[in-house]
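Visitor: Before I ask anything, here is the structure I am working with.
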Protein chains: 2
Amino acid sequence: MAGYLENLWVASVLKFTSPSIGQVSVEDAYFAPRIAANHEATIPATFRFSRETGRLDAFRLKWKKGMPNQPHVFWDSDVAKFIEGMAYDLVLHPDDRKLAEKLDKIVSLVVSAQQPDGYLNTHFTTVEPENRFRFLHGAHELYCCGHLIEASIAHFQATGKRNFLDCMCRYADYVYSVFGRGKGKKRGYPGHEEIELALVKLADITGEKRYFRLAQYFIEERGRKPNYYVANENRKEWELANLQAETTVRERKDAVGHSVRMMYLACGMADVAARADDVELLARCADVFRSVSQRRMFITGGIGSTRIGEAFEGDYKLGNLDAYAESCAAMGLVWFTQRMHNATGDGLYLDVLERALYNGALAGISLSGDHFFYQNPLRSSVDSPYNRERVEWFSCSCCPTNFCRFLPQIGSFLWSECESEIRLNIPAASTFRSGDRAIQVTGGYPYKGDVTVRFLADDDCTFSFRVPGWCRRYLVKVNGSPLFTMPEAGFVKITRAWKKGDKISIALALPVEVMRANPAVDDDAGKVAFQRGPLVYALESIDNGPLLQTVSVLDDGAFRLGPAKGLPTGTVAISGHAVEMIRPGTELYSAAKPVVKKRSFTAIPYALWQNRGLSEMEVWIRET
Amino acid sequence: MAGYLENLWVASVLKFTSPSIGQVSVEDAYFAPRIAANHEATIPATFRFSRETGRLDAFRLKWKKGMPNQPHVFWDSDVAKFIEGMAYDLVLHPDDRKLAEKLDKIVSLVVSAQQPDGYLNTHFTTVEPENRFRFLHGAHELYCCGHLIEASIAHFQATGKRNFLDCMCRYADYVYSVFGRGKGKKRGYPGHEEIELALVKLADITGEKRYFRLAQYFIEERGRKPNYYVANENRKEWELANLQAETTVRERKDAVGHSVRMMYLACGMADVAARADDVELLARCADVFRSVSQRRMFITGGIGSTRIGEAFEGDYKLGNLDAYAESCAAMGLVWFTQRMHNATGDGLYLDVLERALYNGALAGISLSGDHFFYQNPLRSSVDSPYNRERVEWFSCSCCPTNFCRFLPQIGSFLWSECESEIRLNIPAASTFRSGDRAIQVTGGYPYKGDVTVRFLADDDCTFSFRVPGWCRRYLVKVNGSPLFTMPEAGFVKITRAWKKGDKISIALALPVEVMRANPAVDDDAGKVAFQRGPLVYALESIDNGPLLQTVSVLDDGAFRLGPAKGLPTGTVAISGHAVEMIRPGTELYSAAKPVVKKRSFTAIPYALWQNRGLSEMEVWIRET
């Protein structure tokens with residue numbers, strides 16, 4: 001697989017599309033309750049905090065020096081992501097009047113903050129109007145603009161109302177008039193990427209090419225010499241990598257710097273590449289993907305290992321206890337790999353999407369939907385200096401608001417299509433409907449490997465399903481008859497004139513896999529992690545007693561599956577043999593010989609940790 | 001031993017004293033070259049950097065706004081420690097005229113900066129005179145004053161000249177007039193402790209009780225409610241622990257906060273307790289010692305595990321890769337345990353002194369004497385985010401200047417005495433002379449366990465030598481006849497009318513000890529460290545190849561001793577059996593089974609690492 005990856009070749013831009021929110025109904029036991037919790041808990045809680053912290057009121061533009069709740073540079077983005085999430089949620093709950101009214105009210109408030117010239121930013125209108133677009137490296141203005149654009153598109157798609165979309169077109173027009181290579185324009189670009197991918201979306205929905213050209217400009221201008229930030233904003237050379245401005249996208253080889261920024265840039269690059277048939281730019285995206293997935297990603301799909309700059313570190317620098325692995329970065333990796341699959345058709349990207357989605361991203365939110373991790377370490381002791389409990393809100397609350405819009409999108413990650421082909425990316429129970437097309441997937445994925453695909457209508461097409469990278473054995477039957485086909489780029493393709501009632505049965509073998517890391521990962525040496533299907537597992541002290549580090553497990557193949565105490569019905573726990581090595585005495589250091597005791601261990605899915613109270617947690621466990 | 005430690009009882013204040021610098025000639029192969037390098041390299045280099053960075057010129061008080069080299073709040077302390085080191089060095093090299101002249105010249109410059117009221121501080125005289133003693137928590141004024149006092153005493157002792165000492169008495173008198181509980185006085189105390197121990201020294205040398213009372217005041221006032229920093233300097237409650245102001249010394253149970261500050265406070269507490277026969281205060285010092293040595297110290301004697309606040313963390317929080325373990329903190333632990341031994345006579349304190357001295361402290365300086373570590377991790381990869389190479393100087397250069405004064409003091413750690421007893425704390429080759437007394441120790445300690453003690457003059461006394469805590473077997477002969485005595489509080493005592501030529505032969509067994517940490521230390525679980533005598537060992541990639549984490553060692557007792565390549569003659573390396581577990585493939589994560597390969601390993605003394613070029617290093621090694 002590594003060899004294959006090294007030679008990853010971007011042949012052409014295939015242009016798969018992801019279904020829109022309303023096209024997929026998610027019906028599994030893993031995702032569906034999370035999407036429901038978003039409606040019932042995450043969105044209401046986010047509304048409450050947005051109001052209480054002054055984020056909504058900021059759009060009234062009444063703030064004056066000395067008043068509380070001074071609008072922060074990134075507040076607009078929080079509200080924007082929240083609006084986007086509400087709009088998606090409204091698509092899933094079209095009869096929720098209150099939600100629709102609340103959405104329109106907030107949108108009106110946001111739109112009312114637009115300035116006559118089109119500019120829209122609460123901080124730079126009320127707090128420091130003299131500094132509009134002056135400190136791009138840290139001001140988050142273009143980042144906020146990007147999120148507002150995404151929100152306006154979601155609002156338009158959910159309601160058909162153009163007020164917010166038109167408002168954001170005016171803002172985008174204003175940004176277009178300020179930035180670019182033309183005479184009198186600023187040759188700058190955002191410190192925190194996001195507007196690039198938003199402008200591509202805006203171009204898609206409006207058909208306005210200049211928005212696409214502006215996205216292209218921001219992407220291509222980034223990192224050029226002489227450096228804009230060094231020349232205009234007094235930045236040092238060493239600061240540039242954190243904002244991916246140390247080199248141009250054309251020369252980029254590695255994922256560097258702030259991990260969320262890196263992902264959003266990569267999304268924008270992939271969007272532009274796919275639409276411009278820019279195979280070279282797409283190859284640079286593949287380089288970024290390779291750097292992330294093969295050298296700079298936790299097994300959970302978490303990325304950005306250090307809190308210093310919330311950033312990627314060098315290759316194989318993946319410490320577990322102090323892993324930063326911001327929730328937003330895992331979501332960013334999902335969005336990036338979704339785009340890369342859609343651009344290339346390669347299932348490899350979905351292996352990483354699936355890893356980040358099932359593990360690193362969902363770990364960031366409680367099952368109840370109202371508590372969040374900003375950081376997602378792979379080891380936590382009860383008195384850890386880092387994250388050990390999810391909390392309700394953060395002063396920099398990007399993760400909760402990102403979940404509002406991420407969770408309703410889950411259905412769109414499960415499927416993809418192009419003119420002649422419909423793809424089941426991930427076989428979670430769900431129903432896909434598009435025009436006359438209706439296909440239903442049932443089964444117990446990710447806990448069970450039996451998947452049934454039913455055509456609810458006649459359908460002349462190539463149906464293809466992904467054979468996950470972790471899957472070593474699978475069986476396929478079409479209407480009861482075995483089918484033997486080799487997957488191509490990760491997908492088994494079956495072309496037929498499907499009839500209503502046709503059935504494809506897929507059985508994926510789901511053994512417990514004992515995973516080991518590349519030897520270059522210092523912190524994982526001598527340790528194993530358990531994986532079953534797409535799920536990465538973790539030990540919690542709630543099941544295993546305290547001092548998890550004293551447990552070392554046996555890779556003897558004798559693993560047992562069973563229910564996980566205190567977690568949702570159907571959740572599968574893994575148990576097996578372990579030993580505990582205890583040195584006698586209480587001294588800090590001693591030459592006394594240790595005593596070995598046999599015992600068992602129990603592991604639960606990583607994404608579900610810290611849902612049963614305070615607990616130690618460990619993903620990488622010593623092997624005996 | 002742990003039980004013993006729990007019941008550590010401070011019976012009375014025994015008052016051993018350490019010899020002065022000139023009384024001990026260090027003649028071993030481990031320390032003597034370091035002390036020589038201080039004379040030849042460390043002091044000259046420190047002089048050069050002190051001049052080049054403007055630290056010396058600062059005392060001319062010519063700095064004006066806009067000029068380069070603005071005097072920093074802690075600069076005076078650097079110069080003071082450097083002066084103290086030069087003075088000690090002059091005692092060891094009394095014929096070095098140039099050194100004596102340079103010392104007097106710098107001293108004159110420092111003295112010239114004294115203000116008419118006695119105040120002496122370059123930063124607060126030139127940069128912000130309006131803020132004298134206004135921001136005690138961070139201003140380092142009293143800290144600088146303490147170091148200048150120590151320097152003035154060293155200068156007086158080395159030269160007999162009183163100019164600097166008198167100057168500092170005037171400054172101490174001024175401080176006495178400003179601080180205290182009297183009417184109109186500031187009820188403050190230093191943010192960075194140091195002046196307490198310095199004032200006790202000053203009282204000792206001048207006989208002035210008020211300096212002692214001022215030290216007592218600073219110690220007892222610390223942490224009282226209402227808190228001075230909260231009330232007067234706008235500090236938050238959570239900030240207080242870093243400066244040991246979260247509680248009073250009478251209620252202190254644990255070593256907390258900035259580790260150097262904690263050690264200097266503990267030194268002052270022990271000094272005051274010993275002189276005031278304050279058994280209760282000494283018991284609090286013992287609590288601090290217990291907290292450090294049994295729960296918060298690396299096996300190297302390094303302390304202060306986190307870079308955040310350069311501080312102690314909670315119990316057993318001892319991560320190896322990111323270990324802060326500042327060089328100055330290890331020196332501080334040596335000074336604190338020296339005082340605790342002198343106050344109590346308990347060899348237990350010297351076990352920790354020896355550990356910190358031979359390992360954690362000396363690791364901070366290169367064999368050449370002119371390169372320094374500020375932090376001393378126990379694991380370093382070549383691309384470690386933390387320290388991997390010693391450097392010549394730091395912008396906050398406390399460690400190099402501390403070495404200037406620490407290295408010449410090593411002789412005074414080896415011996416101690418009281419009226420009726422002379423103690424060999426550490427049996428490194430050395431000669432102790434005091435009045436008519438002359439005792440010589442020869443042998444190859446720490447690499448060899450054979451120690452010979454010779455009386456060079458008749459001596460009616462109890463001679464005692466410490467049996468180190470790590471030593472499980474030893475033999476003693478007096479003039480060839482075996483002696484069987486149980487050690488008391490770590491010391492074997494022999495009372496005789498010693499004659500010139502009398503000889504005590506001590507043979508300490510020095511096997512390779514396979515050390516394990518308390519199971520509560522997460523990062524050391526499943527790992528061992530090698531120790532032989534007082535020396536903690538480490539693997540370097542220079543001897544073992546890269547990716548040290550792939551090596552796991554066998555505790556099979558089959559260890560070989562041999563010369564260490566590229567290190568000073570006589571340095572003993574430890575070799576033994578190991579295995580390397582390599583997972584096939586280059587993927588970041590995979591379910592492939594690992595391949596096990598037999599191999600050997602070689603370890604060198606930890607304190608000597610990174611003296612042969614850039615190298616990975618590991619103290620705690622996985623056990624197979």
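Please note that chains go A, B, ... in the order of the structure tokens, that every chain numbers its residues from 1, and that ligands are numbered from 1 in the order shown.
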Among segment 174-418 of chain A, which ones does DSSP place in strand (DSSP E or B), written as a PyMOL selection string?
Guide: chain A and resi 179+186+258+297+303+306+311+365+372+379-380+391+415-418
Visitor: Using only N, CA, C and O atoms, please write the residues we just selected to a file, as a PDB file, in the first residue's frame.
Guide:
ATOM      1  N   PHE A 179      -8.657  43.167  -3.205  1.00  0.00           N
ATOM      2  CA  PHE A 179      -7.515  42.266  -3.323  1.00  0.00           C
ATOM      3  C   PHE A 179      -7.271  41.805  -4.749  1.00  0.00           C
ATOM      4  O   PHE A 179      -8.220  41.613  -5.513  1.00  0.00           O
ATOM      5  N   LYS A 186      -4.585  45.428  -3.106  1.00  0.00           N
ATOM      6  CA  LYS A 186      -3.706  44.801  -2.108  1.00  0.00           C
ATOM      7  C   LYS A 186      -3.272  43.438  -2.621  1.00  0.00           C
ATOM      8  O   LYS A 186      -4.125  42.635  -3.019  1.00  0.00           O
ATOM      9  N   HIS A 258      -0.321  25.579  11.299  1.00  0.00           N
ATOM     10  CA  HIS A 258      -1.641  25.459  11.920  1.00  0.00           C
ATOM     11  C   HIS A 258      -2.475  24.443  11.129  1.00  0.00           C
ATOM     12  O   HIS A 258      -2.709  24.620   9.944  1.00  0.00           O
ATOM     13  N   MET A 297      -0.116  12.067  11.082  1.00  0.00           N
ATOM     14  CA  MET A 297      -1.499  11.879  11.526  1.00  0.00           C
ATOM     15  C   MET A 297      -1.542  10.832  12.631  1.00  0.00           C
ATOM     16  O   MET A 297      -0.870   9.807  12.541  1.00  0.00           O
ATOM     17  N   ILE A 303      -5.014  15.368  13.715  1.00  0.00           N
ATOM     18  CA  ILE A 303      -3.820  15.978  13.113  1.00  0.00           C
ATOM     19  C   ILE A 303      -3.478  17.285  13.831  1.00  0.00           C
ATOM     20  O   ILE A 303      -4.311  17.857  14.515  1.00  0.00           O
ATOM     21  N   THR A 306       0.986  19.427  17.886  1.00  0.00           N
ATOM     22  CA  THR A 306       1.473  20.296  18.972  1.00  0.00           C
ATOM     23  C   THR A 306       0.566  21.497  19.224  1.00  0.00           C
ATOM     24  O   THR A 306       0.041  22.110  18.289  1.00  0.00           O
ATOM     25  N   ALA A 311      -0.340  23.145  15.641  1.00  0.00           N
ATOM     26  CA  ALA A 311       0.300  22.902  14.349  1.00  0.00           C
ATOM     27  C   ALA A 311       0.777  21.476  14.129  1.00  0.00           C
ATOM     28  O   ALA A 311       0.918  20.693  15.053  1.00  0.00           O
ATOM     29  N   ILE A 365     -16.890  15.567  20.535  1.00  0.00           N
ATOM     30  CA  ILE A 365     -18.214  15.955  21.054  1.00  0.00           C
ATOM     31  C   ILE A 365     -18.799  14.799  21.869  1.00  0.00           C
ATOM     32  O   ILE A 365     -18.633  13.630  21.518  1.00  0.00           O
ATOM     33  N   PHE A 372     -17.699  19.432  24.694  1.00  0.00           N
ATOM     34  CA  PHE A 372     -16.745  19.392  23.596  1.00  0.00           C
ATOM     35  C   PHE A 372     -15.294  19.292  24.064  1.00  0.00           C
ATOM     36  O   PHE A 372     -14.925  19.865  25.083  1.00  0.00           O
ATOM     37  N   ARG A 379      -3.865   9.852  25.024  1.00  0.00           N
ATOM     38  CA  ARG A 379      -3.599   9.329  26.355  1.00  0.00           C
ATOM     39  C   ARG A 379      -4.016  10.412  27.315  1.00  0.00           C
ATOM     40  O   ARG A 379      -3.698  11.584  27.111  1.00  0.00           O
ATOM     41  N   SER A 380      -4.751  10.024  28.331  1.00  0.00           N
ATOM     42  CA  SER A 380      -5.135  11.009  29.331  1.00  0.00           C
ATOM     43  C   SER A 380      -5.094  10.344  30.686  1.00  0.00           C
ATOM     44  O   SER A 380      -5.652   9.262  30.870  1.00  0.00           O
ATOM     45  N   VAL A 391     -15.975  20.165  27.800  1.00  0.00           N
ATOM     46  CA  VAL A 391     -16.605  21.318  28.436  1.00  0.00           C
ATOM     47  C   VAL A 391     -17.680  21.882  27.513  1.00  0.00           C
ATOM     48  O   VAL A 391     -17.800  21.475  26.354  1.00  0.00           O
ATOM     49  N   TRP A 415     -21.930   8.854   0.644  1.00  0.00           N
ATOM     50  CA  TRP A 415     -22.214   8.565  -0.751  1.00  0.00           C
ATOM     51  C   TRP A 415     -21.517   9.569  -1.662  1.00  0.00           C
ATOM     52  O   TRP A 415     -21.157  10.658  -1.223  1.00  0.00           O
ATOM     53  N   SER A 416     -21.370   9.195  -2.933  1.00  0.00           N
ATOM     54  CA  SER A 416     -20.940  10.174  -3.934  1.00  0.00           C
ATOM     55  C   SER A 416     -21.451   9.683  -5.288  1.00  0.00           C
ATOM     56  O   SER A 416     -21.796   8.515  -5.448  1.00  0.00           O
ATOM     57  N   GLU A 417     -21.476  10.571  -6.237  1.00  0.00           N
ATOM     58  CA  GLU A 417     -21.965  10.131  -7.552  1.00  0.00           C
ATOM     59  C   GLU A 417     -21.354  10.947  -8.676  1.00  0.00           C
ATOM     60  O   GLU A 417     -20.890  12.066  -8.470  1.00  0.00           O
ATOM     61  N   CYS A 418     -21.343  10.327  -9.856  1.00  0.00           N
ATOM     62  CA  CYS A 418     -21.074  11.096 -11.068  1.00  0.00           C
ATOM     63  C   CYS A 418     -22.156  10.678 -12.057  1.00  0.00           C
ATOM     64  O   CYS A 418     -23.066   9.916 -11.709  1.00  0.00           O
TER      65      CYS A 418
END
Visitor: As a VMD selection string, please: the residues near Ile308 of chain B (cut-off 10 Å, only C-alpha atoms, same-chain neighbours under 6 positions excluded).
Guide: chain B and resid 242 257 to 258 324
Visitor: For N, CA and C atoms, I'd like the residues from the last selection saved as a short mmCIF file (atom, residue, chain, number, x, y, z; two decimals), in the first residue's frame.
Guide:
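What landed in selection.cif:
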data_model
loop_
_atom_site.label_atom_id
_atom_site.label_comp_id
_atom_site.auth_asym_id
_atom_site.auth_seq_id
_atom_site.Cartn_x
_atom_site.Cartn_y
_atom_site.Cartn_z
N ASN B 242 3.35 29.39 41.54
CA ASN B 242 4.62 29.41 40.80
C ASN B 242 5.72 30.10 41.60
N GLY B 257 5.61 24.90 41.99
CA GLY B 257 5.98 26.09 41.23
C GLY B 257 7.37 26.02 40.61
N HIS B 258 7.85 27.18 40.27
CA HIS B 258 9.17 27.36 39.64
C HIS B 258 10.21 26.61 40.48
N TYR B 324 11.76 19.37 31.50
CA TYR B 324 12.43 20.67 31.52
C TYR B 324 13.73 20.53 32.31
#
Visitor: Quick one: everything within 8 Å of segment 583-586 of chain A, counting only C-alpha atoms, minus sequence neighbours fewer than 3 positions away in the same chain. Send it as a list in words.
Guide: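 Result of the neighbour search: Ala592, Lys593, Pro594 and Val595 of chain A; Ala2, Arg516, Ala517, Asn518 and Pro519 of chain B.
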Visitor: Could you list, with a cut-off of 8 Å and counting only C-alpha atoms, the residues of chain B near chain A, each shown with its nearest atom pair and the distance in Å rounded to one decimal, rows sorted by chain and ascending number, as JSON lines?
Guide:
{"residue": "B:Met1", "atom": "CA", "partner": "A:Glu587", "partner_atom": "CA", "distance": 7.8}
{"residue": "B:Ala2", "atom": "CA", "partner": "A:Glu587", "partner_atom": "CA", "distance": 5.7}
{"residue": "B:Ser293", "atom": "CA", "partner": "A:Leu588", "partner_atom": "CA", "distance": 7.5}
{"residue": "B:Gln294", "atom": "CA", "partner": "A:Leu588", "partner_atom": "CA", "distance": 5.1}
{"residue": "B:Arg295", "atom": "CA", "partner": "A:Leu588", "partner_atom": "CA", "distance": 6.1}
{"residue": "B:Ile299", "atom": "CA", "partner": "A:Tyr589", "partner_atom": "CA", "distance": 6.9}
{"residue": "B:Gly314", "atom": "CA", "partner": "A:Asp383", "partner_atom": "CA", "distance": 7.9}
{"residue": "B:Asp383", "atom": "CA", "partner": "A:Gly314", "partner_atom": "CA", "distance": 7.9}
{"residue": "B:Glu513", "atom": "CA", "partner": "A:Ala591", "partner_atom": "CA", "distance": 6.1}
{"residue": "B:Val514", "atom": "CA", "partner": "A:Ala591", "partner_atom": "CA", "distance": 5.6}
{"residue": "B:Met515", "atom": "CA", "partner": "A:Ala591", "partner_atom": "CA", "distance": 4.5}
{"residue": "B:Arg516", "atom": "CA", "partner": "A:Ser590", "partner_atom": "CA", "distance": 5.6}
{"residue": "B:Ala517", "atom": "CA", "partner": "A:Tyr589", "partner_atom": "CA", "distance": 4.5}
{"residue": "B:Asn518", "atom": "CA", "partner": "A:Leu588", "partner_atom": "CA", "distance": 4.9}
{"residue": "B:Pro519", "atom": "CA", "partner": "A:Thr550", "partner_atom": "CA", "distance": 6.3}
{"residue": "B:Ala520", "atom": "CA", "partner": "A:Leu547", "partner_atom": "CA", "distance": 6.3}
{"residue": "B:Asp522", "atom": "CA", "partner": "A:Gln549", "partner_atom": "CA", "distance": 5.7}
{"residue": "B:Ala525", "atom": "CA", "partner": "A:Gln549", "partner_atom": "CA", "distance": 5.8}
{"residue": "B:Gly526", "atom": "CA", "partner": "A:Arg622", "partner_atom": "CA", "distance": 7.5}
{"residue": "B:Leu547", "atom": "CA", "partner": "A:Ala520", "partner_atom": "CA", "distance": 6.3}
{"residue": "B:Gln549", "atom": "CA", "partner": "A:Asp522", "partner_atom": "CA", "distance": 5.7}
{"residue": "B:Thr550", "atom": "CA", "partner": "A:Ala525", "partner_atom": "CA", "distance": 6.2}
{"residue": "B:Met581", "atom": "CA", "partner": "A:Gly526", "partner_atom": "CA", "distance": 7.8}
{"residue": "B:Ile582", "atom": "CA", "partner": "A:Pro519", "partner_atom": "CA", "distance": 6.7}
{"residue": "B:Arg583", "atom": "CA", "partner": "A:Pro519", "partner_atom": "CA", "distance": 7.0}
{"residue": "B:Gly585", "atom": "CA", "partner": "A:Ala2", "partner_atom": "CA", "distance": 7.4}
{"residue": "B:Thr586", "atom": "CA", "partner": "A:Ala2", "partner_atom": "CA", "distance": 6.4}
{"residue": "B:Glu587", "atom": "CA", "partner": "A:Ala2", "partner_atom": "CA", "distance": 5.7}
{"residue": "B:Leu588", "atom": "CA", "partner": "A:Asn518", "partner_atom": "CA", "distance": 4.9}
{"residue": "B:Tyr589", "atom": "CA", "partner": "A:Ala517", "partner_atom": "CA", "distance": 4.5}
{"residue": "B:Ser590", "atom": "CA", "partner": "A:Met515", "partner_atom": "CA", "distance": 5.4}
{"residue": "B:Ala591", "atom": "CA", "partner": "A:Met515", "partner_atom": "CA", "distance": 4.5}
{"residue": "B:Ala592", "atom": "CA", "partner": "A:Met515", "partner_atom": "CA", "distance": 7.5}
{"residue": "B:Arg622", "atom": "CA", "partner": "A:Gly526", "partner_atom": "CA", "distance": 7.5}
{"residue": "B:Thr624", "atom": "CA", "partner": "A:Thr624", "partner_atom": "CA", "distance": 8.0}
Visitor: Can you pull out the residues contacting Glu389 of chain A? Cut-off 12 Å, using only C-alpha atoms, and skip same-chain residues under 2 positions away; I want them as a short mmCIF file (atom, residue, chain, number, x, y, z; two decimals) with C-alpha atoms, in the first residue's frame.
Guide:
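The result, written out as part.cif:
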data_model
loop_
_atom_site.label_atom_id
_atom_site.label_comp_id
_atom_site.auth_asym_id
_atom_site.auth_seq_id
_atom_site.Cartn_x
_atom_site.Cartn_y
_atom_site.Cartn_z
CA ALA A 363 -14.27 12.23 19.83
CA GLY A 364 -14.56 16.01 20.00
CA ILE A 365 -18.21 15.95 21.05
CA SER A 366 -20.05 14.11 23.83
CA HIS A 371 -19.86 18.98 25.67
CA PHE A 372 -16.75 19.39 23.60
CA PHE A 373 -13.07 18.66 23.41
CA TYR A 374 -10.95 21.25 21.68
CA GLN A 375 -7.93 18.92 21.86
CA ASN A 376 -8.09 15.18 21.46
CA PRO A 377 -5.13 13.47 23.12
CA SER A 380 -5.14 11.01 29.33
CA SER A 381 -4.43 10.47 32.98
CA VAL A 382 -6.95 11.66 35.52
CA ASP A 383 -4.57 14.44 36.53
CA SER A 384 -3.42 15.11 33.00
CA PRO A 385 -2.20 18.64 32.36
CA TYR A 386 -4.19 18.57 29.13
CA ASN A 387 -7.80 17.79 28.17
CA VAL A 391 -16.60 21.32 28.44
CA GLU A 392 -19.64 23.30 27.27
CA TRP A 393 -17.92 26.15 25.49
CA TRP A 609 -14.35 7.99 25.66
CA GLN A 610 -15.16 10.29 28.55
CA ASN A 611 -18.90 9.72 28.22
CA ARG A 612 -19.13 7.89 31.53
CA GLY A 613 -17.39 10.36 33.81
CA LEU A 614 -13.79 11.27 34.43
CA SER A 615 -11.47 8.51 33.32
CA GLU A 616 -7.95 7.74 32.29
CA MET A 617 -7.70 6.82 28.63
#
Visitor: Separation of atom CA of Glu488 of chain B and atom CA of Leu475 of chain B, in Å?
Guide: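 Going from atom CA of Glu488 of chain B over to atom CA of Leu475 of chain B covers 15.8 Å.
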Visitor: Would you please give, as a list in words, all residues of segment 441-602 of chain A that DSSP assigns to alpha helix (DSSP H) based on the backbone?
Guide: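 For segment 441-602 of chain A, the alpha helix (DSSP H) set is Ser541, Ile542, Asp543 and Asn544 of chain A.
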Visitor: Any idea what's packed within 8 Å of segment 266-268 of chain B, counting only C-alpha atoms, ignoring anything in its chain fewer than 4 positions away? Could you give it as number ranges by chain?
Guide: B: 194, 196-198, 200, 215, 219, 262, 272, 285, 288, 335-336, 339
Visitor: Could you name the residues that touch Pro408 of chain A at 12 Å or less, counting only C-alpha atoms, but leaving out those on the same chain fewer than 5 positions away, as number ranges by chain?
Guide: A: 20-26, 31-39, 42-43, 82, 84-93, 154, 402-403, 413-414
Visitor: Calculated over only C-alpha atoms, which of the candidates B:Trp498, B:Arg60, B:His72, B:Ile153 has the smallest distance to Gln115 of chain B?
Guide: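 Using only C-alpha atoms, the shortest distance to Gln115 of chain B belongs to B:Arg60.
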Visitor: What is the distance between atom CA of Val334 of chain A and atom CA of Leu353 of chain A, in Å to one decimal?
Guide: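 Answer for the atom CA of Val334 of chain A to atom CA of Leu353 of chain A separation: 4.8 Å.
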Visitor: Considering only C-alpha atoms, return as a ChimeraX atom specification whatever protein or nucleic-acid residues lie within 9 Å of Asp460 of chain A, sequence-local ones (same chain, fewer than 4 positions apart) excluded.
Guide: /A:420,495-499
Visitor: Store the residues picked out above in a file with N, CA, C and O atoms, as a CSV table (one decimal), in the first residue's frame.
Guide:
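The result, stored in again_15.csv:
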chain,number,residue,atom,x,y,z
A,420,SER,N,-22.6,8.6,-14.4
A,420,SER,CA,-22.9,7.2,-14.7
A,420,SER,C,-22.8,6.3,-13.5
A,420,SER,O,-23.0,5.1,-13.6
A,495,THR,N,-22.2,-2.9,-12.8
A,495,THR,CA,-23.1,-2.1,-13.7
A,495,THR,C,-24.2,-3.0,-14.2
A,495,THR,O,-24.0,-4.1,-14.6
A,496,ARG,N,-25.4,-2.5,-14.0
A,496,ARG,CA,-26.6,-3.3,-14.4
A,496,ARG,C,-27.8,-2.3,-14.6
A,496,ARG,O,-27.8,-1.2,-14.2
A,497,ALA,N,-28.8,-2.9,-15.2
A,497,ALA,CA,-30.1,-2.2,-15.2
A,497,ALA,C,-30.8,-2.7,-14.0
A,497,ALA,O,-31.5,-3.8,-14.0
A,498,TRP,N,-30.6,-2.0,-12.9
A,498,TRP,CA,-31.1,-2.5,-11.6
A,498,TRP,C,-32.6,-2.3,-11.6
A,498,TRP,O,-33.2,-1.4,-12.1
A,499,LYS,N,-33.3,-3.3,-11.0
A,499,LYS,CA,-34.7,-3.3,-10.8
A,499,LYS,C,-35.1,-3.0,-9.4
A,499,LYS,O,-34.3,-3.4,-8.5
